[in-house]
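Below is the file structure_37.txt, which contains compact mmCIF, C-alpha atoms and all ligand atoms.
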# COMPACT_ATOMS: atom_id res chain seq x y z
CA MET A 6 108.69 98.03 139.51
CA ASN A 7 107.37 101.48 138.65
CA VAL A 8 104.02 102.83 139.80
CA ILE A 9 102.37 102.85 136.35
CA TRP A 10 103.30 99.24 135.76
CA ARG A 11 102.09 98.21 139.25
CA ASN A 12 98.74 99.92 138.65
CA TYR A 13 98.48 98.31 135.25
CA ILE A 14 99.05 94.85 136.74
CA CYS A 15 96.44 95.64 139.36
CA CYS A 16 93.97 96.50 136.60
CA LEU A 17 94.72 93.29 134.75
CA ARG A 18 94.29 91.19 137.87
CA LEU A 19 90.98 92.85 138.69
CA ARG A 20 90.06 92.75 134.97
CA LYS A 21 89.32 96.44 135.10
CA VAL A 22 90.79 97.04 131.69
CA PRO A 23 88.84 99.95 130.28
CA HIS A 24 89.60 99.40 126.58
CA ARG A 25 90.96 96.48 124.69
CA CYS A 26 93.98 96.71 122.42
CA HIS A 27 93.96 100.36 121.44
CA SER A 28 96.71 101.35 119.10
CA GLY A 29 99.83 102.37 120.98
CA SER A 30 98.58 101.38 124.44
CA HIS A 31 99.81 98.47 126.55
CA PRO A 32 98.76 95.02 125.44
CA VAL A 33 95.73 94.11 127.53
CA ALA A 34 93.86 91.06 128.73
CA PRO A 35 93.50 89.22 125.38
CA LEU A 36 97.27 88.76 125.27
CA GLY A 37 97.09 86.96 128.56
CA SER A 38 96.91 88.08 132.16
CA ARG A 39 99.28 85.76 133.98
CA ILE A 40 101.60 88.30 135.54
CA LEU A 41 104.77 87.35 137.37
CA THR A 42 104.73 89.45 140.53
CA ASP A 43 106.77 87.11 142.74
CA PRO A 44 110.01 86.03 140.97
CA SER A 45 110.40 83.05 143.32
CA LYS A 46 107.31 81.53 141.66
CA VAL A 47 108.68 81.74 138.13
CA PHE A 48 108.83 77.96 137.65
CA GLU A 49 105.22 77.46 138.68
CA HIS A 50 103.92 78.09 135.13
CA ASN A 51 105.19 77.57 131.57
CA MET A 52 104.50 81.12 130.40
CA TRP A 53 104.20 84.58 131.97
CA ASP A 54 102.52 87.44 130.10
CA HIS A 55 103.37 91.13 129.66
CA MET A 56 106.99 90.90 130.81
CA GLN A 57 108.80 94.19 131.13
CA TRP A 58 112.50 94.17 130.24
CA SER A 59 115.05 95.90 132.40
CA LYS A 60 117.62 98.19 130.74
CA GLU A 61 120.28 95.52 131.45
CA GLU A 62 118.26 92.79 129.71
CA GLU A 63 117.70 95.02 126.68
CA GLU A 64 121.40 95.86 126.52
CA ALA A 65 122.45 92.19 126.84
CA ALA A 66 120.08 91.30 123.95
CA ARG A 67 121.48 94.10 121.80
CA LYS A 68 125.02 92.83 122.41
CA LYS A 69 124.09 89.25 121.61
CA VAL A 70 122.60 90.37 118.28
CA GLU A 71 125.67 92.45 117.53
CA GLU A 72 127.82 89.36 118.15
CA ASN A 73 125.75 86.93 116.10
CA SER A 74 125.55 89.30 113.13
CA ALA A 75 129.25 90.12 113.03
CA VAL A 76 129.67 87.66 110.13
CA GLN A 77 127.20 87.62 107.23
CA VAL A 78 126.49 84.78 104.82
CA ILE A 79 128.27 85.29 101.45
CA PRO A 80 126.14 86.83 98.62
CA GLU A 81 126.18 83.67 96.40
CA GLU A 82 124.63 81.63 99.21
CA GLN A 83 122.19 84.38 100.03
CA ASP A 84 121.01 84.31 96.38
CA LYS A 85 120.42 80.56 96.66
CA TYR A 86 118.29 80.96 99.81
CA GLU A 87 116.22 83.55 97.96
CA SER A 88 115.79 81.80 94.61
CA GLU A 89 115.15 78.39 96.17
CA ALA A 90 113.10 79.58 99.15
CA SER A 91 110.04 77.49 98.26
CA LYS A 92 112.21 74.36 97.89
CA TYR A 93 113.59 74.73 101.41
CA TRP A 94 110.08 75.05 102.83
CA ASP A 95 108.88 72.13 100.73
CA VAL A 96 111.62 69.92 102.19
CA PHE A 97 110.66 71.23 105.65
CA TYR A 98 107.07 69.96 105.17
CA LYS A 99 108.27 66.65 103.68
CA ILE A 100 110.22 66.06 106.88
CA HIS A 101 107.90 67.48 109.53
CA LYS A 102 104.50 66.97 107.82
CA ASN A 103 101.93 68.71 110.03
CA LYS A 104 103.71 67.87 113.27
CA PHE A 105 105.95 70.95 113.67
CA PHE A 106 103.68 73.93 114.36
CA LYS A 107 100.95 73.75 116.97
CA ASN A 108 97.36 74.60 116.04
CA ARG A 109 96.92 78.35 116.45
CA ASN A 110 94.13 78.01 118.98
CA TRP A 111 94.68 81.58 120.24
CA LEU A 112 93.76 82.91 116.82
CA LEU A 113 90.07 83.63 117.31
CA ARG A 114 90.65 85.07 120.77
CA GLU A 115 93.22 87.57 119.49
CA PHE A 116 91.62 88.12 116.10
CA PRO A 117 87.81 88.02 116.49
CA GLU A 118 87.72 89.91 113.15
CA ILE A 119 88.16 86.50 111.51
CA LEU A 120 84.56 85.71 112.35
CA PRO A 121 81.72 86.97 110.21
CA ILE A 122 79.60 89.41 112.17
CA ASP A 123 76.80 86.97 113.13
CA LEU A 124 79.26 84.55 114.73
CA LYS A 125 81.25 87.35 116.32
CA THR A 126 78.13 88.61 118.07
CA LYS A 127 77.40 85.15 119.42
CA GLU A 128 81.00 84.53 120.56
CA ASN A 129 81.15 87.91 122.26
CA SER A 130 77.88 87.78 124.09
CA ARG A 131 79.84 86.94 127.22
CA GLU A 132 82.31 89.78 126.66
CA SER A 133 81.60 93.33 127.70
CA SER A 134 83.19 95.30 124.85
CA TRP A 135 85.12 94.97 121.64
CA ASP A 136 85.58 98.71 121.27
CA HIS A 137 88.42 98.47 118.81
CA ILE A 138 86.45 96.51 116.23
CA LYS A 139 83.09 98.19 116.46
CA PRO A 140 83.56 100.66 113.61
CA ASN A 141 84.71 97.89 111.32
CA ALA A 142 82.01 95.53 112.51
CA THR A 143 79.33 98.06 111.66
CA ASN A 144 80.76 98.54 108.20
CA CYS A 145 81.08 94.82 107.72
CA PHE A 146 77.51 94.33 108.77
CA SER A 147 76.05 96.80 106.32
CA ARG A 148 78.25 95.34 103.59
CA ILE A 149 77.10 91.84 104.41
CA GLN A 150 73.45 92.88 104.25
CA GLU A 151 74.02 94.52 100.87
CA GLU A 152 75.91 91.54 99.56
CA LYS A 153 73.30 89.13 100.84
CA LYS A 154 70.73 91.02 98.76
CA HIS A 155 73.06 90.96 95.77
CA PHE A 156 73.75 87.26 96.25
CA LYS A 157 70.06 86.43 96.35
CA LYS A 158 69.45 88.49 93.24
CA SER A 159 72.36 87.15 91.22
CA SER A 160 72.33 83.47 92.15
CA GLY A 161 68.68 82.92 92.84
CA SER A 162 69.37 79.63 94.63
CA SER A 163 71.95 77.90 96.76
CA ASP A 164 72.61 74.97 94.47
CA GLY A 165 76.11 73.68 93.72
CA PRO A 166 78.71 72.45 96.16
CA SER A 167 77.86 74.98 98.88
CA LYS A 168 76.37 78.38 99.33
CA ALA A 169 79.78 79.95 99.37
CA GLY A 170 81.72 77.77 96.98
CA SER A 171 81.56 77.59 93.24
CA ASP A 172 82.61 75.10 90.63
CA PHE A 173 85.88 76.46 89.31
CA SER A 174 87.46 73.38 87.82
CA ASN A 175 87.36 74.92 84.31
CA LEU A 176 88.79 78.27 85.30
CA ASP A 177 91.12 80.03 82.95
CA PRO A 178 93.92 81.35 85.20
CA LYS A 179 94.64 84.14 82.68
CA LYS A 180 91.23 85.63 83.38
CA LEU A 181 91.80 85.73 87.12
CA GLY A 182 93.09 88.80 88.92
CA LYS A 183 92.81 90.88 85.73
CA GLY A 184 89.88 93.25 85.51
CA PRO A 185 86.36 92.57 86.75
CA LEU A 186 85.43 88.92 86.89
CA LYS A 187 81.97 87.51 86.51
CA THR A 188 80.90 86.67 90.07
CA GLU A 189 80.14 83.01 89.24
CA LEU A 190 83.65 82.42 87.97
CA PHE A 191 85.80 82.10 91.03
CA PRO A 192 85.85 79.87 94.12
CA GLY A 193 84.02 81.52 97.00
CA SER A 194 82.24 83.90 94.60
CA ARG A 195 78.93 83.28 96.33
CA ALA A 196 80.28 83.96 99.81
CA ASN A 197 79.59 87.18 101.64
CA PHE A 198 82.55 86.91 104.02
CA ARG A 199 85.97 85.95 102.67
CA ILE A 200 89.24 85.29 104.43
CA LEU A 201 92.67 84.62 102.94
CA GLU A 202 95.44 83.03 104.95
CA VAL A 203 98.82 83.71 103.37
CA GLY A 204 101.57 81.15 103.99
CA CYS A 205 99.15 78.68 105.55
CA GLY A 206 101.75 75.93 105.96
CA ALA A 207 100.21 72.64 107.05
CA GLY A 208 96.95 74.33 108.09
CA ASN A 209 97.50 75.08 111.78
CA SER A 210 95.29 78.15 111.43
CA VAL A 211 93.14 76.84 108.58
CA PHE A 212 91.48 74.07 110.58
CA PRO A 213 90.66 76.03 113.75
CA ILE A 214 89.07 78.65 111.43
CA LEU A 215 87.21 76.10 109.29
CA ASN A 216 85.82 74.41 112.40
CA THR A 217 84.46 77.73 113.59
CA LEU A 218 83.02 78.64 110.21
CA GLN A 219 81.23 75.37 109.62
CA ASN A 220 77.88 76.84 110.69
CA THR A 221 78.24 79.91 108.49
CA PRO A 222 78.11 78.44 104.98
CA GLU A 223 78.16 81.92 103.44
CA SER A 224 81.73 82.43 104.55
CA PHE A 225 84.75 81.19 102.60
CA LEU A 226 88.39 80.62 103.45
CA TYR A 227 91.22 80.84 100.89
CA CYS A 228 94.66 79.72 101.93
CA CYS A 229 97.89 79.63 100.01
CA ASP A 230 101.51 78.68 100.40
CA PHE A 231 104.40 78.53 97.97
CA ALA A 232 105.43 75.10 99.27
CA SER A 233 103.30 72.66 97.28
CA GLY A 234 103.88 69.97 99.94
CA ALA A 235 102.20 72.22 102.53
CA VAL A 236 99.17 72.80 100.30
CA GLU A 237 98.90 69.04 99.73
CA LEU A 238 98.90 68.49 103.51
CA VAL A 239 96.03 70.96 103.87
CA LYS A 240 94.01 69.47 101.03
CA SER A 241 94.41 65.91 102.24
CA HIS A 242 93.42 66.70 105.84
CA SER A 243 90.21 65.00 106.97
CA SER A 244 88.70 68.38 107.99
CA TYR A 245 89.33 70.04 104.59
CA ARG A 246 86.05 70.97 102.90
CA ALA A 247 86.35 72.21 99.32
CA ALA A 248 82.85 73.63 99.64
CA GLN A 249 84.11 76.27 102.04
CA CYS A 250 87.85 76.38 101.51
CA SER A 251 90.24 76.73 98.61
CA ALA A 252 93.90 75.91 99.20
CA PHE A 253 96.27 76.82 96.36
CA VAL A 254 99.98 77.07 95.63
CA HIS A 255 101.03 80.71 95.37
CA ASP A 256 104.20 82.73 95.85
CA VAL A 257 103.21 86.10 97.32
CA CYS A 258 106.55 87.58 96.24
CA ASN A 259 105.68 86.99 92.60
CA ASP A 260 103.70 90.09 91.68
CA GLY A 261 102.75 88.79 88.26
CA LEU A 262 100.95 85.68 89.57
CA PRO A 263 97.17 86.03 89.57
CA TYR A 264 95.09 85.05 92.60
CA PRO A 265 92.14 82.74 91.93
CA PHE A 266 89.75 85.60 92.81
CA PRO A 267 89.54 89.29 91.91
CA ASP A 268 91.01 92.22 93.83
CA GLY A 269 89.01 94.05 96.47
CA ILE A 270 86.87 91.16 97.69
CA LEU A 271 88.49 90.02 100.95
CA ASP A 272 87.15 90.86 104.41
CA VAL A 273 90.22 89.52 106.22
CA ILE A 274 93.82 88.64 105.38
CA LEU A 275 95.78 86.64 107.89
CA LEU A 276 99.57 86.96 107.91
CA VAL A 277 100.87 84.82 110.76
CA PHE A 278 104.62 84.06 110.94
CA VAL A 279 104.98 84.43 107.17
CA LEU A 280 106.36 87.89 106.44
CA SER A 281 109.38 87.05 108.62
CA SER A 282 110.41 84.33 106.17
CA ILE A 283 110.43 86.77 103.23
CA HIS A 284 113.46 88.88 102.27
CA PRO A 285 113.15 92.36 103.87
CA ASP A 286 113.60 94.02 100.43
CA ARG A 287 110.49 92.25 99.15
CA MET A 288 108.20 92.76 102.16
CA GLN A 289 106.78 96.13 101.09
CA GLY A 290 105.85 94.81 97.62
CA VAL A 291 104.10 91.82 99.20
CA VAL A 292 102.10 93.99 101.62
CA ASN A 293 101.17 96.45 98.84
CA ARG A 294 99.81 93.62 96.71
CA LEU A 295 97.88 92.05 99.58
CA SER A 296 96.34 95.40 100.46
CA LYS A 297 94.76 95.52 96.98
CA LEU A 298 92.95 92.25 97.68
CA LEU A 299 91.07 93.73 100.66
CA LYS A 300 87.63 95.30 100.46
CA PRO A 301 87.32 98.84 101.77
CA GLY A 302 86.95 98.31 105.53
CA GLY A 303 88.69 94.89 105.32
CA MET A 304 91.28 93.94 107.93
CA LEU A 305 94.82 92.61 107.67
CA LEU A 306 95.77 90.68 110.81
CA PHE A 307 99.46 90.23 111.52
CA ARG A 308 101.51 88.33 114.07
CA ASP A 309 105.20 87.56 113.78
CA TYR A 310 108.59 87.45 115.51
CA GLY A 311 109.64 90.57 117.44
CA ARG A 312 113.11 92.08 117.83
CA TYR A 313 115.24 90.27 120.44
CA ASP A 314 112.98 87.26 120.66
CA ASN A 315 114.87 84.33 122.17
CA THR A 316 114.96 82.68 118.72
CA GLN A 317 116.96 85.64 117.40
CA LEU A 318 119.40 85.59 120.30
CA ARG A 319 120.02 81.86 119.87
CA PHE A 320 121.32 82.13 116.29
CA LYS A 321 125.00 81.25 116.12
CA LYS A 322 127.55 83.25 114.15
CA GLY A 323 127.43 82.53 110.41
CA HIS A 324 123.62 82.47 110.14
CA CYS A 325 123.06 86.19 109.69
CA LEU A 326 121.95 87.31 106.20
CA SER A 327 121.47 91.01 106.95
CA GLU A 328 120.42 93.09 109.95
CA ASN A 329 117.92 91.06 112.02
CA PHE A 330 117.50 88.51 109.20
CA TYR A 331 118.87 84.97 109.57
CA VAL A 332 118.93 81.60 107.88
CA ARG A 333 118.23 78.44 109.85
CA GLY A 334 120.16 75.21 109.37
CA ASP A 335 117.42 73.92 107.03
CA GLY A 336 117.62 76.94 104.66
CA THR A 337 114.40 78.64 105.86
CA ARG A 338 114.77 82.25 106.99
CA ALA A 339 113.49 84.49 109.77
CA TYR A 340 113.31 88.26 110.27
CA PHE A 341 112.67 89.91 113.66
CA PHE A 342 110.44 93.01 113.54
CA THR A 343 110.07 96.14 115.62
CA LYS A 344 106.67 97.73 116.10
CA GLY A 345 107.83 100.78 114.11
CA GLU A 346 108.79 98.66 111.10
CA VAL A 347 105.43 96.93 111.17
CA HIS A 348 103.66 100.29 111.33
CA ARG A 349 105.58 101.63 108.33
CA LEU A 350 105.10 98.50 106.20
CA PHE A 351 101.32 98.40 106.50
CA CYS A 352 100.62 102.12 106.58
CA LYS A 353 102.75 102.69 103.46
CA ALA A 354 100.46 100.17 101.77
CA GLY A 355 97.53 102.48 102.49
CA LEU A 356 96.16 100.71 105.57
CA ASP A 357 95.19 102.31 108.88
CA GLU A 358 96.64 100.99 112.12
CA LYS A 359 94.02 99.67 114.54
CA GLN A 360 96.37 97.74 116.78
CA ASN A 361 100.15 97.38 116.91
CA LEU A 362 101.73 95.99 120.01
CA VAL A 363 104.70 94.08 121.27
CA ASP A 364 103.80 90.91 123.10
CA ARG A 365 106.59 90.13 125.59
CA ARG A 366 106.39 86.89 127.52
CA LEU A 367 108.62 84.75 129.65
CA GLN A 368 108.59 81.13 128.56
CA VAL A 369 109.79 78.65 131.15
CA ASN A 370 111.11 75.14 130.75
CA ARG A 371 110.22 73.83 134.16
CA LYS A 372 112.05 70.52 133.72
CA LYS A 373 115.34 72.16 132.69
CA GLN A 374 114.71 75.26 134.84
CA VAL A 375 115.40 77.51 131.85
CA LYS A 376 113.84 80.95 131.22
CA MET A 377 113.43 82.41 127.71
CA HIS A 378 112.22 85.89 126.77
CA ARG A 379 109.78 85.62 123.89
CA VAL A 380 108.84 88.65 121.80
CA TRP A 381 106.16 88.86 119.13
CA VAL A 382 104.59 91.78 117.29
CA GLN A 383 100.85 91.73 116.70
CA GLY A 384 98.94 94.19 114.55
CA LYS A 385 95.59 94.91 112.93
CA PHE A 386 95.44 97.17 109.90
CA GLN A 387 92.31 98.28 108.12
CA LYS A 388 91.75 99.36 104.54
CA PRO A 389 90.03 102.76 104.63
CA LEU A 390 86.43 102.86 103.42
CA HIS A 391 87.41 105.60 100.98
CA PRO A 392 90.90 105.81 99.44
CA SER A 393 91.40 109.40 100.61
CA GLN A 394 90.74 108.35 104.23
CA ASN A 395 94.18 106.87 104.89
CA LYS A 396 95.33 108.75 107.97
CA ASN A 397 99.03 107.96 107.65
C1 LIG B 1 106.77 79.81 109.78
S1 LIG B 1 105.70 79.08 108.61
C2 LIG B 1 104.13 79.56 109.25
C3 LIG B 1 102.99 78.71 108.75
C4 LIG B 1 101.61 79.13 109.25
N1 LIG B 1 101.28 80.48 108.88
C5 LIG B 1 101.52 78.95 110.75
O1 LIG B 1 101.44 79.95 111.46
O2 LIG B 1 101.56 77.80 111.20
C6 LIG B 1 105.92 80.17 107.21
C7 LIG B 1 105.11 79.72 106.00
O3 LIG B 1 105.17 80.74 105.01
C8 LIG B 1 105.32 80.13 103.75
N2 LIG B 1 105.92 81.12 102.84
C9 LIG B 1 107.13 81.72 102.95
N3 LIG B 1 107.36 82.55 101.91
C10 LIG B 1 106.25 82.49 101.13
C11 LIG B 1 105.89 83.11 99.90
N4 LIG B 1 106.73 83.94 99.27
N5 LIG B 1 104.68 82.84 99.37
C12 LIG B 1 103.84 81.96 100.00
N6 LIG B 1 104.14 81.32 101.15
C13 LIG B 1 105.33 81.59 101.71
C14 LIG B 1 106.22 78.94 104.03
O4 LIG B 1 106.13 77.93 103.04
C15 LIG B 1 105.67 78.47 105.37
O5 LIG B 1 104.64 77.54 105.20
Spit out the file's structure as structure tokens when you get a sec.
Amino acid sequence: MNVIWRNYICCLRLRKVPHRCHSGSHPVAPLGSRILTDPSKVFEHNMWDHMQWSKEEEEAARKKVEENSAVQVIPEEQDKYESEASKYWDVFYKIHKNKFFKNRNWLLREFPEILPIDLKTKENSRESSWDHIKPNATNCFSRIQEEKKHFKKSSGSSDGPSKAGSDFSNLDPKKLGKGPLKTELFPGSRANFRILEVGCGAGNSVFPILNTLQNTPESFLYCCDFASGAVELVKSHSSYRAAQCSAFVHDVCNDGLPYPFPDGILDVILLVFVLSSIHPDRMQGVVNRLSKLLKPGGMLLFRDYGRYDNTQLRFKKGHCLSENFYVRGDGTRAYFFTKGEVHRLFCKAGLDEKQNLVDRRLQVNRKKQVKMHRVWVQGKFQKPLHPSQNKN
């Protein structure tokens, strides 16, 4: 173990981490602080954080990927996985309902930006610093104050289904996403803090967020998925509240499809294990479009599979579509990102990197005495306050 790493572990243990999550630095306490220092104790916990890979482990992973991508799926089949992508996911949700993914309970810990500023202040009163979000938080705060004034002026009262919601049952979809919309016309138009979760699936992030937002009626959550079965699961959940949430069917790869709200109004976009299921050739277009939905100062929060994650190494020959892109037995697909790729995707879309880190963990099956290296990439990207401010 080298000296820097030993000192770093020491810092984590003593919780003397000077800054949280600065771009390019080591992942720090929020990504966990259970460090494996004594290998003989590996089976004492299910997960160990901040694992460093040896050169040999990295090389073995590279070889495994080389082997499992030696044969690629034939083009005709690849076309079918692309054109029928939503069908495969729909079947997935028909089979698994909301039982497959666990609730993303880590979400608010890793992404406090999801909270409107008032809640964030409350939640963080026990924490010493959130250095990396302060600039954004300040901007958000002044925006919220301005919008609150605007809201009071334009609506006059808080009648209707909720403060944040709006009756949009008679909406003309052709009017949406094209040019300026009248503020009363879209769901969540009265909100002053708006979040969109893309590829929400059965709602494993939606419901932890909605539970947290229930005391901030001026915030609003949009969530979409191209699998209509997933959206139905969200809408029929006992915790779904149309007053504060709008779930809709939407394919983010289809550029021509309007969103049920105008561009430039979102404070936060959440992209959690979604981009990996989209064809690499289409990712940049998707990110570019999403970036337009953000307000200046708004944040895009990303978490997804990282290169050489155990899931990638376990693919058998015949599942590879292209480099680091695979199809599972059920027709759904998965890409495995590097930090550099994530940086390029979001910065090319005009966003500034606030965090971009590789989360390496060791997952342990104590019963079977099996160890698995897990790798995820997590990033936070902010829309500049002024278009010319993009530093990339
Ligand atoms: C791995 S699941 C993750 C679900 C959820 N984000 C979570 O973390 O539990 C990927 C989700 O992305 C959705 N998805 C994939 N491609 C999409 C697209 N082009 N437009 C909208 N949703 C998409 C799938 O239907 C699926 O629900």
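Atom CA of A:Met288 to atom CA of A:Pro392 spans 21.8 Å [interatomic distance, one decimal].
Excluding stretch 199-201 of chain A itself and any same-chain residue fewer than 2 positions from it, the protein and nucleic acid residues within 6 Å of it, counting all atoms listed in the file, are Ser224, Phe225, Leu226, Tyr227, Cys228, Leu271, Asp272, Val273 and Ile274 of chain A.
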Only C-alpha atoms, please: the residues just picked out, written as an mmCIF file, keeping the file's coordinate frame.
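This went into again_26.cif:
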data_model
loop_
_atom_site.group_PDB
_atom_site.id
_atom_site.type_symbol
_atom_site.label_atom_id
_atom_site.label_comp_id
_atom_site.auth_asym_id
_atom_site.auth_seq_id
_atom_site.Cartn_x
_atom_site.Cartn_y
_atom_site.Cartn_z
ATOM 1 C CA SER A 224 81.730 82.430 104.550
ATOM 2 C CA PHE A 225 84.750 81.190 102.600
ATOM 3 C CA LEU A 226 88.390 80.620 103.450
ATOM 4 C CA TYR A 227 91.220 80.840 100.890
ATOM 5 C CA CYS A 228 94.660 79.720 101.930
ATOM 6 C CA LEU A 271 88.490 90.020 100.950
ATOM 7 C CA ASP A 272 87.150 90.860 104.410
ATOM 8 C CA VAL A 273 90.220 89.520 106.220
ATOM 9 C CA ILE A 274 93.820 88.640 105.380
#
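Distances here use only C-alpha atoms and all ligand atoms; by that measure, the residue among A:Phe320, A:Phe253, A:Trp53, A:Phe106 closest to ligand LIG 1 (chain B) is A:Phe106.
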Give as number ranges by chain the set of residues within 12 Å of the point (117.4, 73.7, 107.7), where distances use the file's coordinates and all atoms listed in the file.
A: 86, 90, 92-98, 100-101, 324, 331-339
Counting only C-alpha atoms, which of A:Tyr313, A:Tyr245, A:Arg308, A:Leu41 gets nearest to A:Glu62?
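Using only C-alpha atoms, A:Glu62 sits closest to A:Tyr313.
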Close residues, A:Cys325 itself excluded, 12 Å, all atoms listed in the file, min 5 positions apart in chain, as a list in words
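Residues near the query, excluding close chain neighbours: Val70, Glu71, Glu72, Asn73, Ser74, Ala75, Val76, Gln77, Val78, Ile79, Pro80, Glu82, Gln83, Gln317, Leu318, Arg319, Phe320, Phe330, Tyr331, Val332, Arg333, Gly334, Gly336, Arg338, Ala339, Tyr340 and Phe341 of chain A.
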Write out as CSV a residue-level contact list of chain A versus ligand LIG 1 (chain B) with cut-off 6 Å: for each qualifying residue the closest pair of atoms and the distance in Å to one decimal, counting all atoms listed in the file, rows sorted by chain and residue number upward.
residue,atom,partner,partner_atom,distance
A:Trp94,CA,B:LIG1,O4,4.9
A:Phe106,CA,B:LIG1,O2,5.4
A:Gly204,CA,B:LIG1,O3,3.8
A:Cys205,CA,B:LIG1,N1,4.3
A:Gly206,CA,B:LIG1,O5,3.4
A:Asn209,CA,B:LIG1,O2,4.9
A:Asp230,CA,B:LIG1,N6,3.8
A:Phe231,CA,B:LIG1,C12,4.0
A:Ala232,CA,B:LIG1,O4,4.8
A:His255,CA,B:LIG1,C12,5.6
A:Asp256,CA,B:LIG1,N5,3.6
A:Val257,CA,B:LIG1,N5,4.1
A:Cys258,CA,B:LIG1,N4,4.7
A:Val277,CA,B:LIG1,N1,4.7
A:Phe278,CA,B:LIG1,C2,4.8
A:Val279,CA,B:LIG1,O3,4.3
A:Ser282,CA,B:LIG1,C9,5.3
A:Ile283,CA,B:LIG1,N3,5.4
Go ahead and compute the interatomic distance for atom CA of A:Ser296 and atom CA of A:Ser281, in Å to one decimal.
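Those two atoms sit 17.5 Å apart.
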Which residue, A:Asp84, A:Glu358, A:Leu190, A:Asn315, has the smallest gap to A:Ala66 when you use only C-alpha atoms?
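When distances to A:Ala66 are compared using only C-alpha atoms, the smallest one comes from A:Asn315.
Here atom CA of A:Lys359 stands at a distance of 5.5 Å from atom CA of A:Phe386.
Of the listed residues (A:Pro117, A:Pro44, A:Gly302, A:Gly311), A:Gly311 comes nearest to A:Leu280; the distances count all atoms listed in the file.
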Using only C-alpha atoms, which of the listed residues (A:Cys352, A:Ala235, A:Leu276, A:Cys250) sits closest to A:Asn216?
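The closest residue to A:Asn216 is A:Cys250.
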Draw an axis-aligned box over all listed atoms of stretch 305-310 of chain A, pad each side with 3 Å, and write its centre and edge lengths in Å, one decimal, as lines of an AutoDock Vina configuration file.
center_x = 101.7
center_y = 90.0
center_z = 111.6
size_x = 19.8
size_y = 11.2
size_z = 13.8
Close residues, stretch 372-377 of chain A itself excluded, 10 Å, all atoms listed in the file, min 4 positions apart in chain, as a VMD selection string:
chain A and resid 47 to 48 51 to 52 314 to 316 366 to 368
Excluding A:Lys388 and its own-chain neighbours fewer than 4 positions away, which residues fall within 6 Å of it when counting all atoms listed in the file? Please give them as a list in words.
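Near neighbours after the sequence-gap exclusion: Pro301, Gly302, Gly303 and Leu356 of chain A.
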